[in-house]
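J.: Got a file for you: data.pdb, PDB, C-alpha atoms.
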MODEL        1
ATOM      1  CA  MET A   1      54.629   0.201  31.327
ATOM      2  CA  THR A   2      51.267  -1.237  32.380
ATOM      3  CA  GLN A   3      47.942  -0.437  30.897
ATOM      4  CA  LEU A   4      45.498   1.563  32.870
ATOM      5  CA  GLY A   5      43.622  -0.654  35.328
ATOM      6  CA  SER A   6      45.963  -3.635  35.145
ATOM      7  CA  ALA A   7      48.208  -4.684  38.004
ATOM      8  CA  PRO A   8      51.861  -5.407  37.430
ATOM      9  CA  ALA A   9      52.711  -9.079  37.138
ATOM     10  CA  THR A  10      53.898 -10.576  40.408
ATOM     11  CA  GLN A  11      55.794 -13.781  40.825
ATOM     12  CA  ARG A  12      54.678 -16.174  43.532
ATOM     13  CA  LYS A  13      57.351 -18.274  45.126
ATOM     14  CA  SER A  14      56.377 -21.751  46.162
ATOM     15  CA  PRO A  15      58.027 -23.446  49.132
ATOM     16  CA  GLY A  16      61.025 -25.504  48.177
ATOM     17  CA  ARG A  17      63.208 -28.193  49.631
ATOM     18  CA  ARG A  18      64.965 -25.700  51.924
ATOM     19  CA  HIS A  19      61.652 -24.735  53.526
ATOM     20  CA  GLY A  20      60.680 -28.377  54.017
ATOM     21  CA  ILE A  21      63.984 -29.247  55.646
ATOM     22  CA  SER A  22      63.782 -26.293  58.026
ATOM     23  CA  LEU A  23      60.184 -27.123  58.955
ATOM     24  CA  VAL A  24      60.983 -30.758  59.717
ATOM     25  CA  SER A  25      64.193 -29.923  61.571
ATOM     26  CA  MET A  26      62.347 -27.497  63.852
ATOM     27  CA  SER A  27      59.499 -29.894  64.628
ATOM     28  CA  CYS A  28      61.657 -32.913  65.545
ATOM     29  CA  PRO A  29      63.520 -31.788  68.722
ATOM     30  CA  PRO A  30      60.452 -31.607  71.029
ATOM     31  CA  VAL A  31      59.341 -35.072  69.970
ATOM     32  CA  LEU A  32      62.834 -36.519  70.274
ATOM     33  CA  GLY A  33      63.232 -34.985  73.724
ATOM     34  CA  ALA A  34      60.101 -36.682  74.989
ATOM     35  CA  VAL A  35      60.988 -40.016  73.384
ATOM     36  CA  LEU A  36      64.546 -39.998  74.722
ATOM     37  CA  LEU A  37      63.593 -38.977  78.284
ATOM     38  CA  ALA A  38      60.746 -41.461  78.747
ATOM     39  CA  PRO A  39      62.868 -44.621  79.233
ATOM     40  CA  ILE A  40      65.140 -43.054  81.863
ATOM     41  CA  GLN A  41      62.430 -41.230  83.782
ATOM     42  CA  PRO A  42      62.205 -43.856  86.572
ATOM     43  CA  GLN A  43      65.983 -43.634  87.063
ATOM     44  CA  MET A  44      65.784 -39.849  87.252
ATOM     45  CA  LEU A  45      62.972 -40.056  89.808
ATOM     46  CA  ALA A  46      65.050 -42.485  91.883
ATOM     47  CA  ALA A  47      68.121 -40.256  91.690
ATOM     48  CA  PHE A  48      66.211 -37.228  92.974
ATOM     49  CA  ALA A  49      63.942 -39.120  95.406
ATOM     50  CA  ASN A  50      65.422 -37.421  98.484
ATOM     51  CA  THR A  51      65.047 -33.964  96.969
ATOM     52  CA  SER A  52      62.081 -31.916  98.129
ATOM     53  CA  ALA A  53      61.341 -30.529  94.655
ATOM     54  CA  VAL A  54      61.565 -33.761  92.677
ATOM     55  CA  GLU A  55      58.441 -32.866  90.670
ATOM     56  CA  ALA A  56      60.120 -29.677  89.455
ATOM     57  CA  LEU A  57      63.422 -31.358  88.588
ATOM     58  CA  VAL A  58      62.127 -34.424  86.770
ATOM     59  CA  PRO A  59      59.583 -34.038  83.995
ATOM     60  CA  SER A  60      56.680 -36.333  84.676
ATOM     61  CA  ARG A  61      53.233 -37.028  83.333
ATOM     62  CA  SER A  62      50.749 -34.219  83.126
ATOM     63  CA  PRO A  63      48.867 -33.624  86.385
ATOM     64  CA  HIS A  64      45.523 -34.298  84.730
ATOM     65  CA  LEU A  65      46.658 -37.823  83.709
ATOM     66  CA  ARG A  66      47.343 -38.956  87.279
TER
ENDMDL
END
Please render this file's structure as structure tokens.
T.:
Amino acid sequence: MTQLGSAPATQRKSPGRRHGISLVSMSCPPVLGAVLLAPIQPQMLAAFANTSAVEALVPSRSPHLR
């Protein structure tokens, strides 16, 4: 029983190894996707060169960087 005016003791959980692994594993795929697609981007552009929507099919640089 608690005394009048005191709050019950609460335990605070600190992030552990499991939280760190899940955070890192969820942040890696977008970076890996960009790194793995960059070297073959010219080949992809060449493969879809005759397609009218090549910009939609092949990820390219941002429009503001052109």
J.: As an exercise, work out the distance from atom CA of A:Val31 to atom CA of A:Pro59 in Å and give it to one decimal place.
T.: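 About the pair atom CA of A:Val31 and atom CA of A:Pro59: they are 14.1 Å apart.
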J.: How many Å lie between atom CA of A:Val58 and atom CA of A:Gln41, rounded to one decimal?
T.: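 Atom CA of A:Val58 sits 7.4 Å away from atom CA of A:Gln41.
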J.: Write out as a PyMOL selection string which residues come within 12 Å of A:Met44 when counting only C-alpha atoms, dropping same-chain ones fewer than 2 positions away.
T.: chain A and resi 37-42+46-51+54-60
J.: Tell me, in Å to one decimal, how far atom CA of A:Gly33 is from atom CA of A:Arg18.
T.: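 Separation between atom CA of A:Gly33 and atom CA of A:Arg18: 23.8 Å.
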J.: Would you mind putting back N, CA and C atoms on stretch 21-34 of chain A, then writing it out as a PDB file, in the frame of the given file?
T.:
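Result written to result12.pdb:
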ATOM      1  N   ILE A  21      62.952 -28.777  54.720  1.00  0.00           N
ATOM      2  CA  ILE A  21      63.984 -29.247  55.646  1.00  0.00           C
ATOM      3  C   ILE A  21      63.961 -28.428  56.928  1.00  0.00           C
ATOM      4  N   SER A  22      63.810 -27.113  56.810  1.00  0.00           N
ATOM      5  CA  SER A  22      63.782 -26.293  58.026  1.00  0.00           C
ATOM      6  C   SER A  22      62.530 -26.572  58.857  1.00  0.00           C
ATOM      7  N   LEU A  23      61.407 -26.817  58.223  1.00  0.00           N
ATOM      8  CA  LEU A  23      60.184 -27.123  58.955  1.00  0.00           C
ATOM      9  C   LEU A  23      60.308 -28.433  59.715  1.00  0.00           C
ATOM     10  N   VAL A  24      60.824 -29.454  59.068  1.00  0.00           N
ATOM     11  CA  VAL A  24      60.983 -30.758  59.717  1.00  0.00           C
ATOM     12  C   VAL A  24      62.034 -30.696  60.821  1.00  0.00           C
ATOM     13  N   SER A  25      63.132 -29.983  60.569  1.00  0.00           N
ATOM     14  CA  SER A  25      64.193 -29.923  61.571  1.00  0.00           C
ATOM     15  C   SER A  25      63.749 -29.158  62.817  1.00  0.00           C
ATOM     16  N   MET A  26      62.821 -28.236  62.687  1.00  0.00           N
ATOM     17  CA  MET A  26      62.347 -27.497  63.852  1.00  0.00           C
ATOM     18  C   MET A  26      61.229 -28.229  64.596  1.00  0.00           C
ATOM     19  N   SER A  27      60.583 -29.180  63.952  1.00  0.00           N
ATOM     20  CA  SER A  27      59.499 -29.894  64.628  1.00  0.00           C
ATOM     21  C   SER A  27      59.977 -31.182  65.293  1.00  0.00           C
ATOM     22  N   CYS A  28      61.159 -31.658  64.981  1.00  0.00           N
ATOM     23  CA  CYS A  28      61.657 -32.913  65.545  1.00  0.00           C
ATOM     24  C   CYS A  28      62.197 -32.822  66.969  1.00  0.00           C
ATOM     25  N   PRO A  29      62.931 -31.791  67.372  1.00  0.00           N
ATOM     26  CA  PRO A  29      63.520 -31.788  68.722  1.00  0.00           C
ATOM     27  C   PRO A  29      62.535 -31.966  69.882  1.00  0.00           C
ATOM     28  N   PRO A  30      61.358 -31.347  69.892  1.00  0.00           N
ATOM     29  CA  PRO A  30      60.452 -31.607  71.029  1.00  0.00           C
ATOM     30  C   PRO A  30      60.007 -33.063  71.118  1.00  0.00           C
ATOM     31  N   VAL A  31      59.762 -33.669  69.981  1.00  0.00           N
ATOM     32  CA  VAL A  31      59.341 -35.072  69.970  1.00  0.00           C
ATOM     33  C   VAL A  31      60.494 -35.967  70.408  1.00  0.00           C
ATOM     34  N   LEU A  32      61.673 -35.712  69.897  1.00  0.00           N
ATOM     35  CA  LEU A  32      62.834 -36.519  70.274  1.00  0.00           C
ATOM     36  C   LEU A  32      63.151 -36.373  71.757  1.00  0.00           C
ATOM     37  N   GLY A  33      62.988 -35.178  72.300  1.00  0.00           N
ATOM     38  CA  GLY A  33      63.232 -34.985  73.724  1.00  0.00           C
ATOM     39  C   GLY A  33      62.314 -35.835  74.569  1.00  0.00           C
ATOM     40  N   ALA A  34      61.057 -35.867  74.228  1.00  0.00           N
ATOM     41  CA  ALA A  34      60.101 -36.682  74.989  1.00  0.00           C
ATOM     42  C   ALA A  34      60.390 -38.166  74.837  1.00  0.00           C
TER      43      ALA A  34
END
